[in-house]
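Data block for entry28.txt (compact mmCIF, C-alpha atoms):
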```txt
# COMPACT_ATOMS: atom_id res chain seq x y z
CA MET A 927 -5.76 -5.28 -51.32
CA GLU A 928 -7.04 -1.83 -50.45
CA ILE A 929 -10.61 -0.90 -49.65
CA LYS A 930 -11.82 2.26 -51.38
CA PHE A 931 -12.15 4.27 -48.20
CA GLU A 932 -12.27 8.05 -47.86
CA HIS A 933 -9.95 9.20 -45.09
CA LYS A 934 -10.66 12.44 -43.27
CA PRO A 935 -8.86 13.68 -40.14
CA ALA A 936 -11.02 14.39 -37.10
CA ALA A 937 -10.84 16.15 -33.76
CA HIS A 938 -11.15 12.89 -31.83
CA CYS A 939 -10.10 9.37 -32.74
CA GLU A 940 -13.21 7.34 -31.92
CA ASN A 941 -15.53 9.95 -33.39
CA GLY A 942 -13.34 10.11 -36.48
CA VAL A 943 -13.31 6.36 -37.09
CA ILE A 944 -17.08 6.25 -36.66
CA VAL A 945 -17.66 9.18 -39.04
CA ASN A 946 -15.41 7.69 -41.72
CA MET A 947 -16.87 4.20 -41.38
CA LEU A 948 -20.46 5.45 -41.55
CA ARG A 949 -19.62 7.57 -44.60
CA HIS A 950 -18.09 4.52 -46.26
CA TYR A 951 -21.49 2.81 -45.95
CA GLY A 952 -23.43 5.84 -47.18
CA LEU A 953 -24.40 7.53 -43.90
CA ASP A 954 -22.83 10.98 -44.03
CA ILE A 955 -23.11 12.84 -40.72
CA SER A 956 -20.73 15.26 -39.03
CA GLU A 957 -18.36 14.53 -36.17
CA PRO A 958 -20.28 16.81 -33.74
CA MET A 959 -23.52 15.04 -34.67
CA VAL A 960 -21.94 11.62 -34.02
CA PHE A 961 -20.67 12.85 -30.66
CA GLY A 962 -24.04 14.36 -29.71
CA LEU A 963 -26.17 11.43 -30.84
CA SER A 964 -23.97 9.08 -28.81
CA TYR A 965 -24.40 11.41 -25.80
CA GLY A 966 -20.66 11.40 -25.35
CA LEU A 967 -20.19 14.50 -23.17
CA PHE A 968 -19.35 13.49 -19.62
CA PHE A 969 -17.09 14.12 -16.65
CA SER A 970 -15.57 11.90 -14.00
CA HIS A 971 -12.72 12.16 -11.53
CA MET A 972 -11.82 8.68 -10.30
CA PRO A 973 -9.14 8.29 -7.62
CA PHE A 974 -9.80 4.53 -7.64
CA LEU A 975 -8.64 4.31 -11.31
CA LYS A 976 -5.00 5.21 -11.87
CA LEU A 977 -2.92 6.45 -14.80
CA SER A 978 0.80 6.79 -14.01
CA GLY A 979 -0.13 6.29 -10.36
CA MET A 980 -2.60 9.19 -10.21
CA ALA A 981 -6.35 9.56 -10.52
CA VAL A 982 -7.95 9.42 -13.96
CA THR A 983 -10.04 12.41 -14.98
CA THR A 984 -12.25 12.07 -18.06
CA PHE A 985 -14.21 14.68 -19.98
CA ARG A 986 -16.17 12.32 -22.23
CA THR A 987 -17.75 8.92 -21.92
CA PHE A 988 -15.53 5.85 -21.77
CA PRO A 989 -13.72 4.47 -24.86
CA GLY A 990 -15.77 2.14 -27.06
CA VAL A 991 -19.15 3.38 -25.89
CA LEU A 992 -19.63 5.95 -28.67
CA PHE A 993 -19.61 3.31 -31.42
CA SER A 994 -22.20 1.17 -29.65
CA ARG A 995 -24.50 4.10 -28.95
CA ILE A 996 -24.45 5.81 -32.34
CA THR A 997 -24.96 2.60 -34.31
CA LYS A 998 -27.87 1.61 -32.07
CA MET A 999 -29.40 5.07 -32.53
CA LEU A 1000 -29.13 4.84 -36.32
CA GLY A 1001 -30.22 1.21 -36.62
CA VAL A 1002 -26.80 0.04 -37.85
CA LYS A 1003 -25.90 -3.60 -37.29
CA ILE A 1004 -22.36 -4.09 -36.05
CA GLY A 1005 -19.85 -6.75 -35.11
CA ARG A 1006 -17.39 -6.56 -32.24
CA ARG A 1007 -14.81 -9.10 -31.15
CA ARG A 1008 -11.96 -9.27 -28.72
CA TYR A 1009 -9.25 -11.84 -29.41
CA MET A 1010 -6.74 -12.90 -26.80
CA SER A 1011 -4.83 -14.84 -29.46
CA ARG A 1012 -2.74 -12.55 -31.64
CA LYS A 1013 -2.73 -15.12 -34.45
CA ARG A 1014 -6.52 -15.42 -34.49
CA ALA A 1015 -6.92 -11.65 -34.25
CA MET A 1016 -4.78 -11.03 -37.34
CA ALA A 1017 -6.39 -13.89 -39.28
CA ALA A 1018 -9.83 -12.45 -38.57
CA LEU A 1019 -8.64 -8.99 -39.63
CA ASP A 1020 -7.27 -10.36 -42.91
CA LYS A 1021 -10.59 -12.10 -43.57
CA HIS A 1022 -12.54 -8.88 -43.07
CA LEU A 1023 -10.21 -6.98 -45.39
CA ALA A 1024 -10.44 -9.68 -48.07
CA GLU A 1025 -14.22 -9.29 -47.93
CA GLY A 1026 -13.93 -5.51 -48.38
CA ARG A 1027 -14.83 -4.60 -44.81
CA PRO A 1028 -13.00 -1.80 -42.93
CA VAL A 1029 -12.19 -2.76 -39.35
CA GLY A 1030 -11.85 -0.45 -36.37
CA CYS A 1031 -9.17 -1.44 -33.86
CA VAL A 1032 -8.42 -0.19 -30.36
CA VAL A 1033 -4.67 0.29 -29.96
CA GLY A 1034 -1.97 1.79 -27.77
CA MET A 1035 -0.76 5.19 -28.93
CA TYR A 1036 2.76 4.98 -27.56
CA TYR A 1037 4.04 2.40 -30.04
CA LEU A 1038 2.44 3.76 -33.23
CA PRO A 1039 5.51 4.28 -35.47
CA TYR A 1040 3.96 7.13 -37.46
CA MET A 1041 2.98 9.11 -34.37
CA PRO A 1042 5.38 11.99 -33.51
CA MET A 1043 7.19 11.32 -30.24
CA GLU A 1044 5.69 14.39 -28.54
CA TYR A 1045 2.20 12.92 -29.00
CA ARG A 1046 3.00 9.45 -27.68
CA PHE A 1047 1.89 8.35 -24.23
CA HIS A 1048 0.71 5.11 -22.69
CA PHE A 1049 -2.97 5.31 -23.56
CA ASN A 1050 -4.41 2.08 -24.96
CA GLY A 1051 -7.83 3.40 -25.98
CA HIS A 1052 -6.82 4.99 -29.29
CA ASN A 1053 -8.98 4.09 -32.32
CA ILE A 1054 -7.79 3.45 -35.86
CA CYS A 1055 -9.43 1.90 -38.92
CA VAL A 1056 -7.60 -0.77 -40.92
CA ILE A 1057 -8.52 -0.41 -44.59
CA GLY A 1058 -6.07 -2.55 -46.55
CA LYS A 1059 -3.08 -4.84 -46.69
CA ASN A 1060 -0.08 -4.94 -49.02
CA GLU A 1061 0.33 -8.64 -49.83
CA GLN A 1062 3.90 -8.16 -51.03
CA ASP A 1063 5.43 -6.72 -47.88
CA GLY A 1064 2.67 -7.54 -45.37
CA THR A 1065 2.10 -3.94 -44.27
CA TYR A 1066 -1.36 -2.68 -43.38
CA LEU A 1067 -2.99 0.54 -44.57
CA ILE A 1068 -4.47 2.61 -41.77
CA SER A 1069 -6.97 5.46 -41.55
CA ASP A 1070 -6.05 7.18 -38.30
CA PRO A 1071 -8.17 10.30 -37.60
CA ASN A 1072 -5.11 11.89 -35.97
CA ALA A 1073 -3.17 11.67 -39.26
CA LEU A 1074 -3.63 13.99 -42.24
CA GLU A 1075 -3.25 11.15 -44.75
CA LYS A 1076 -3.55 7.38 -44.79
CA VAL A 1077 -0.56 5.69 -43.19
CA SER A 1078 1.07 2.26 -43.30
CA ILE A 1079 2.20 0.02 -40.47
CA SER A 1080 4.00 -3.32 -40.41
CA LYS A 1081 2.27 -6.46 -39.21
CA ALA A 1082 4.63 -6.67 -36.23
CA ASP A 1083 3.90 -3.08 -35.21
CA LEU A 1084 0.14 -3.54 -35.65
CA ILE A 1085 0.22 -6.57 -33.37
CA LYS A 1086 2.31 -4.63 -30.87
CA VAL A 1087 -0.13 -1.70 -30.66
CA ARG A 1088 -3.19 -3.97 -30.57
CA TYR A 1089 -1.70 -5.77 -27.58
CA ALA A 1090 0.08 -2.87 -25.89
CA LYS A 1091 0.82 -3.42 -22.22
CA GLY A 1092 0.56 -0.95 -19.39
CA GLY A 1093 -1.08 2.44 -19.46
CA SER A 1094 -4.76 3.15 -19.04
CA TYR A 1095 -7.58 1.16 -20.65
CA PRO A 1096 -5.64 -2.12 -20.73
CA ILE A 1097 -8.24 -4.04 -22.80
CA VAL A 1098 -6.34 -5.57 -25.72
CA GLY A 1099 -7.26 -7.23 -29.00
CA GLN A 1100 -10.53 -5.38 -29.63
CA SER A 1101 -11.93 -4.86 -33.11
CA TYR A 1102 -15.28 -3.69 -34.47
CA TRP A 1103 -16.95 -3.30 -37.85
CA ILE A 1104 -20.24 -2.51 -39.58
CA LYS A 1105 -22.35 -5.38 -40.86
CA GLU A 1106 -25.39 -3.61 -42.28
CA VAL A 1107 -26.86 -0.11 -42.49
CA PRO A 1108 -30.48 0.99 -42.98
CA GLN A 1109 -31.53 1.82 -46.53
CA LYS A 1110 -32.01 5.47 -45.63
CA MET A 1111 -30.99 7.81 -42.84
CA PRO A 1112 -33.56 7.77 -40.01
CA ASP A 1113 -35.29 10.97 -38.92
CA LEU A 1114 -32.70 12.66 -36.73
CA ALA A 1115 -35.01 15.06 -34.84
CA PRO A 1116 -36.46 12.53 -32.36
CA LEU A 1117 -33.04 10.87 -32.00
CA ILE A 1118 -31.49 14.22 -31.14
CA ARG A 1119 -34.07 14.87 -28.42
CA LYS A 1120 -33.56 11.39 -27.01
CA SER A 1121 -29.77 11.67 -26.96
CA ILE A 1122 -29.86 15.11 -25.32
CA LYS A 1123 -32.15 13.78 -22.58
CA LYS A 1124 -29.77 10.89 -21.99
CA ASN A 1125 -26.72 13.15 -21.84
CA CYS A 1126 -28.44 15.41 -19.32
CA TRP A 1127 -29.35 12.37 -17.23
CA PHE A 1128 -25.78 11.07 -17.18
CA MET A 1129 -24.44 14.46 -16.08
CA THR A 1130 -27.02 15.33 -13.40
CA SER A 1131 -28.78 12.18 -12.16
CA GLN A 1132 -26.23 11.00 -9.60
CA PRO A 1133 -27.16 11.58 -5.95
CA ARG A 1134 -24.70 13.69 -3.98
CA TRP A 1135 -23.05 10.71 -2.32
CA ILE A 1136 -21.95 9.43 -5.75
CA ARG A 1137 -19.34 12.11 -6.06
CA TYR A 1138 -17.08 10.89 -8.86
CA PHE A 1139 -19.33 11.29 -11.91
CA GLY A 1140 -21.22 13.94 -13.82
CA VAL A 1141 -21.37 17.45 -12.41
CA ASN A 1142 -20.78 15.95 -8.96
CA GLY A 1143 -17.34 14.93 -10.18
CA ILE A 1144 -16.46 18.54 -11.02
CA LYS A 1145 -17.40 19.59 -7.49
CA TYR A 1146 -15.35 16.70 -6.13
CA LEU A 1147 -12.33 17.74 -8.18
CA SER A 1148 -12.70 21.29 -6.87
CA GLU A 1149 -12.52 19.97 -3.31
CA SER A 1150 -9.69 17.54 -4.12
CA VAL A 1151 -7.43 20.26 -5.50
CA LEU A 1152 -7.42 21.97 -2.10
CA LYS A 1153 -6.74 18.69 -0.30
CA TRP A 1154 -3.73 17.98 -2.51
CA GLU A 1155 -2.05 21.17 -1.39
CA LYS A 1156 -2.73 20.43 2.28
CA THR A 1157 -2.06 16.70 2.45
CA MET A 1158 0.61 16.05 -0.19
CA THR A 1159 4.16 17.16 -0.72
CA PRO A 1160 4.46 20.14 -3.11
CA ARG A 1161 5.87 17.86 -5.82
CA ARG A 1162 3.10 15.26 -5.47
CA ALA A 1163 0.39 17.91 -5.49
CA ALA A 1164 1.91 19.45 -8.62
CA LEU A 1165 2.04 16.04 -10.33
CA ASN A 1166 -1.64 15.44 -9.59
CA LEU A 1167 -2.49 18.85 -10.97
CA ALA A 1168 -0.37 18.23 -14.07
CA GLN A 1169 -2.22 14.93 -14.59
CA VAL A 1170 -5.57 16.74 -14.71
CA VAL A 1171 -4.22 19.28 -17.19
CA ARG A 1172 -2.79 16.48 -19.31
CA MET A 1173 -6.17 14.74 -19.43
CA LEU A 1174 -7.85 18.08 -20.09
CA GLU A 1175 -5.59 19.42 -22.82
CA GLU A 1176 -3.59 16.59 -24.37
CA ILE A 1177 -5.43 13.25 -24.25
CA GLY A 1178 -8.03 12.93 -26.98
CA THR A 1179 -9.79 16.17 -27.84
CA GLY A 1180 -9.54 17.46 -24.27
CA GLY A 1181 -12.21 18.67 -21.91
CA ALA A 1182 -12.66 22.09 -23.50
CA GLY A 1183 -12.61 20.55 -26.99
CA PHE A 1184 -15.44 18.18 -26.16
CA ARG A 1185 -17.50 21.10 -24.83
CA TYR A 1186 -16.87 23.02 -28.06
CA MET A 1187 -17.85 19.95 -30.08
CA TYR A 1188 -21.06 19.57 -28.13
CA GLY A 1189 -21.83 23.22 -28.82
CA ALA A 1190 -21.44 22.55 -32.56
CA PHE A 1191 -23.79 19.58 -32.18
CA LEU A 1192 -26.41 21.79 -30.51
CA GLN A 1193 -26.19 24.28 -33.37
CA GLU A 1194 -26.85 21.49 -35.88
CA ALA A 1195 -29.58 20.15 -33.61
CA ALA A 1196 -31.31 23.55 -33.53
CA LYS A 1197 -31.63 23.54 -37.32
CA ILE A 1198 -32.94 19.98 -37.46
CA THR A 1199 -35.37 20.16 -34.52
CA GLY A 1200 -36.40 23.79 -34.81
CA ILE A 1201 -35.65 24.34 -31.12
CA GLU A 1202 -34.16 27.83 -31.25
CA GLN A 1203 -33.05 27.75 -27.59
CA LEU A 1204 -30.40 25.19 -28.51
CA ASN A 1205 -28.42 27.97 -30.22
CA SER A 1206 -28.13 29.99 -27.01
CA LEU A 1207 -27.30 26.83 -25.07
CA ALA A 1208 -24.57 26.12 -27.64
CA ASN A 1209 -23.07 29.48 -26.69
CA ASP A 1210 -23.31 28.54 -23.00
CA ILE A 1211 -21.40 25.27 -23.36
CA THR A 1212 -18.79 27.05 -25.49
CA GLU A 1213 -18.28 29.56 -22.67
CA ILE A 1214 -17.92 26.64 -20.25
CA GLY A 1215 -15.24 25.23 -22.56
CA ASP A 1216 -13.45 28.57 -22.27
CA LEU A 1217 -13.56 28.24 -18.48
CA TRP A 1218 -11.94 24.81 -18.72
CA ARG A 1219 -9.20 26.34 -20.87
CA ASP A 1220 -8.74 29.10 -18.30
CA PHE A 1221 -8.40 26.49 -15.57
CA ALA A 1222 -5.81 24.57 -17.62
CA TYR A 1223 -3.77 27.73 -18.22
CA LYS A 1224 -3.74 28.81 -14.58
CA ALA A 1225 -3.11 25.27 -13.33
CA SER A 1226 -0.07 25.01 -15.60
CA ARG A 1227 1.22 28.24 -14.10
CA VAL A 1228 0.80 26.84 -10.59
CA PHE A 1229 2.79 23.66 -11.14
CA LYS A 1230 5.42 25.35 -13.32
CA LYS A 1231 5.89 28.11 -10.73
CA ARG A 1232 6.58 30.88 -13.23
CA GLN A 1233 8.06 33.98 -11.65
CA GLY A 1234 5.60 36.84 -11.22
CA GLU A 1235 2.53 34.59 -11.49
CA ASN A 1236 0.72 34.07 -8.22
CA TYR A 1237 -2.16 31.73 -9.01
CA THR A 1238 -2.98 29.42 -6.09
CA TYR A 1239 -4.72 26.12 -5.51
CA GLN A 1240 -7.57 28.15 -4.02
CA ASP A 1241 -7.89 30.04 -7.32
CA LEU A 1242 -8.08 26.75 -9.19
CA SER A 1243 -10.66 25.35 -6.81
CA ASP A 1244 -12.76 28.47 -7.24
CA ILE A 1245 -12.69 28.16 -11.04
CA LEU A 1246 -13.74 24.52 -10.83
CA ASN A 1247 -16.59 25.44 -8.52
CA VAL A 1248 -17.81 28.01 -11.06
CA ILE A 1249 -17.59 25.36 -13.80
CA TYR A 1250 -19.56 22.96 -11.59
CA ILE A 1251 -22.38 25.51 -11.19
CA ARG A 1252 -22.33 26.43 -14.87
CA GLU A 1253 -22.46 22.82 -16.07
CA ARG A 1254 -25.16 21.89 -13.55
CA ASP A 1255 -27.31 24.82 -14.71
CA PHE A 1256 -26.53 24.17 -18.38
CA PHE A 1257 -27.70 20.56 -18.33
CA THR A 1258 -30.80 21.47 -16.32
CA GLN A 1259 -31.77 24.11 -18.90
CA LEU A 1260 -30.90 21.81 -21.79
CA ASN A 1261 -33.08 19.04 -20.38
CA ASN A 1262 -35.99 21.46 -20.04
CA ALA A 1263 -35.48 22.79 -23.57
CA VAL A 1264 -36.13 19.47 -25.27
```

Write the structure described by the file as C-alpha cells, please.
Amino acid sequence: MEIKFEHKPAAHCENGVIVNMLRHYGLDISEPMVFGLSYGLFFSHMPFLKLSGMAVTTFRTFPGVLFSRITKMLGVKIGRRRYMSRKRAMAALDKHLAEGRPVGCVVGMYYLPYMPMEYRFHFNGHNICVIGKNEQDGTYLISDPNALEKVSISKADLIKVRYAKGGSYPIVGQSYWIKEVPQKMPDLAPLIRKSIKKNCWFMTSQPRWIRYFGVNGIKYLSESVLKWEKTMTPRRAALNLAQVVRMLEEIGTGGAGFRYMYGAFLQEAAKITGIEQLNSLANDITEIGDLWRDFAYKASRVFKKRQGENYTYQDLSDILNVIYIRERDFFTQLNNAV
C-alpha cells in the first residue's frame, strides 16, 4: 500500500514534513510561511542541557513545537501519540497507513540507512513522514525532507530509528498526523501579525536574569566564549566552540539558515499584509544571518588553528555581542512594525 503523496525536499526536516503533509490535505503554503506562522525563530544556549557532554545551543524553537503551532494557527485538527511499546507503535502506524493517512515520526538520524555517513550524528529529533508499506517484503516508504526522492526502510531499521538511544532529544516512539483540515485556507494576514508578535515576545521578553534564552542567550554565549578560554584547557575550549559551530552550521538548517528563512517569510508577509517595512526588516535579518556565518567561519579557524590566521576568542565574543545588539534591535523594530 502506498499513499499518493507528493514528496518535496526542504531546508529543514520538521518544516518539510509539515509542508508536505499540509499540501497532501489541500493546504499549500511555503516552508518559510510555515516557519514564520509557527514563530519558530529562537535562540538558546543551555549549559544545563548536554549533547556529547557540552552545552546545547539552539537557533530555532524546540523539536515538535512547530507542528503544534502551525496546525493550531490554521485550524487543523491533529493527532499525536507516543508509544513506549514498539509492537503497539508499529501496529498503530500500519493502521494509519491502511486508512490512507500519512504519519510523521520523530527518529534518530544516526541509524537511518539511507543517510550518508557524513550527515549522521546522534540527534533524535529528526522528522520523517511514513507514506506506505510494501506488504511483500515489509519495507516502509518514507518521505524524508532531507532526501531528494522517496526512500525505503526495513521494519527493523524503522523501529531502531524510532527508538534510538542516546544523543539529544531522547523522546522515543513519537508519531503525529492530520485528522481534519478547514474547508478553505484562513485569512493569513491576521495570523501573520499574531505570529510575528509572538516570535518577538519569545526573543525579547525574558528579564536579564534569565540569561539562557532569546537575545539574552546570545549575550550569554558571548560572555561564555571568553570564559572557556580562561577557565578550560585549550582542547576543552576548542571542543565547546566546535559544538556551537556544529549546532550553527550542521544540525538542521543551522542558525544562519533559519535567519534567512525568516527573512523569506517576512517578504511573503509584506505582500500579504501590505506592511512595506517588513521588506526592509527581511534584509536586516538576512544580514544578521550573514553575521552568524561570519562567526562560524572565524570560530572554525580558531579551533582548527590554521597557520597565518590569528582570530581570537575575543574576536568571536565581539561578533556575538554585535549579533546580540542587532537581533535585539531587529525584534524591537519588528514588533513595532506590526

Pick from A:Arg1137, A:Lys1123, A:Lys1091, A:Lys1086: nearest to Met972 in chain A, with all atoms listed in the file counted? A:Arg1137

Considering only C-alpha atoms, return as a VMD selection string whatever protein or nucleic-acid residues lie within 9 Å of Tyr1102 in chain A, sequence-local ones (same chain, fewer than 5 positions apart) excluded. chain A and resid 993 1004 to 1008 1028 to 1032

Distance query Leu1117 in chain A at most 8 Å, all atoms listed in the file, self and fewer than 3 positions along chain excluded, as a list in words: Leu963, Met999, Asp1113, Leu1114, Lys1120 and Ser1121 of chain A

Pick out the closest residue to Gly1099 in chain A from this set: A:Lys1013, A:Lys1076, A:Arg1134, A:Arg1046. Count all atoms listed in the file.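 Checking each candidate against Gly1099 in chain A, we get A:Lys1013 as the closest.
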
Tell me which protein, DNA and RNA residues are within 10 Å of range 1130-1132 of chain A, counting only C-alpha atoms, leaving out same-chain ones fewer than 4 positions away, and put them as a CSV table (one decimal) with C-alpha atoms, in the coordinates of the input.
```csv
chain,number,residue,atom,x,y,z
A,1124,LYS,CA,-29.8,10.9,-22.0
A,1125,ASN,CA,-26.7,13.2,-21.8
A,1126,CYS,CA,-28.4,15.4,-19.3
A,1136,ILE,CA,-22.0,9.4,-5.8
A,1137,ARG,CA,-19.3,12.1,-6.1
A,1138,TYR,CA,-17.1,10.9,-8.9
A,1139,PHE,CA,-19.3,11.3,-11.9
A,1140,GLY,CA,-21.2,13.9,-13.8
A,1141,VAL,CA,-21.4,17.4,-12.4
A,1142,ASN,CA,-20.8,16.0,-9.0
A,1143,GLY,CA,-17.3,14.9,-10.2
A,1253,GLU,CA,-22.5,22.8,-16.1
A,1254,ARG,CA,-25.2,21.9,-13.6
A,1255,ASP,CA,-27.3,24.8,-14.7
A,1257,PHE,CA,-27.7,20.6,-18.3
A,1258,THR,CA,-30.8,21.5,-16.3
A,1261,ASN,CA,-33.1,19.0,-20.4
```

Quick one: residues within 8 Å of range 947-951 of chain A, all atoms listed in the file counted, chain neighbours fewer than 4 positions away excluded, as a VMD selection string? chain A and resid 931 to 932 943 955 1028 1104 1107

May I have the residues from that selection written out with C-alpha atoms, as a PDB file, keeping the file's coordinate frame?
```pdb
ATOM      1  CA  PHE A 931     -12.150   4.270 -48.200  1.00  0.00           C
ATOM      2  CA  GLU A 932     -12.270   8.050 -47.860  1.00  0.00           C
ATOM      3  CA  VAL A 943     -13.310   6.360 -37.090  1.00  0.00           C
ATOM      4  CA  ILE A 955     -23.110  12.840 -40.720  1.00  0.00           C
ATOM      5  CA  PRO A1028     -13.000  -1.800 -42.930  1.00  0.00           C
ATOM      6  CA  ILE A1104     -20.240  -2.510 -39.580  1.00  0.00           C
ATOM      7  CA  VAL A1107     -26.860  -0.110 -42.490  1.00  0.00           C
TER       8      VAL A1107
END
```

Counting only C-alpha atoms, which residues have an atom no more than 12 Å from (-1.3, -2.8, -25.8) in the file's coordinates? Please list them as a VMD selection string. chain A and resid 1010 1012 1031 to 1038 1047 to 1052 1083 to 1100

Skip range 1053-1061 of chain A itself and residues of its chain fewer than 4 positions away, then list as JSON, numbers by chain all residues within 9 Å of it, counting all atoms listed in the file. {"A": [927, 928, 929, 930, 931, 939, 940, 941, 942, 943, 946, 947, 989, 990, 1019, 1020, 1023, 1024, 1026, 1027, 1028, 1029, 1030, 1031, 1032, 1033, 1034, 1035, 1065, 1066, 1067, 1068, 1069, 1070, 1071, 1072, 1078]}
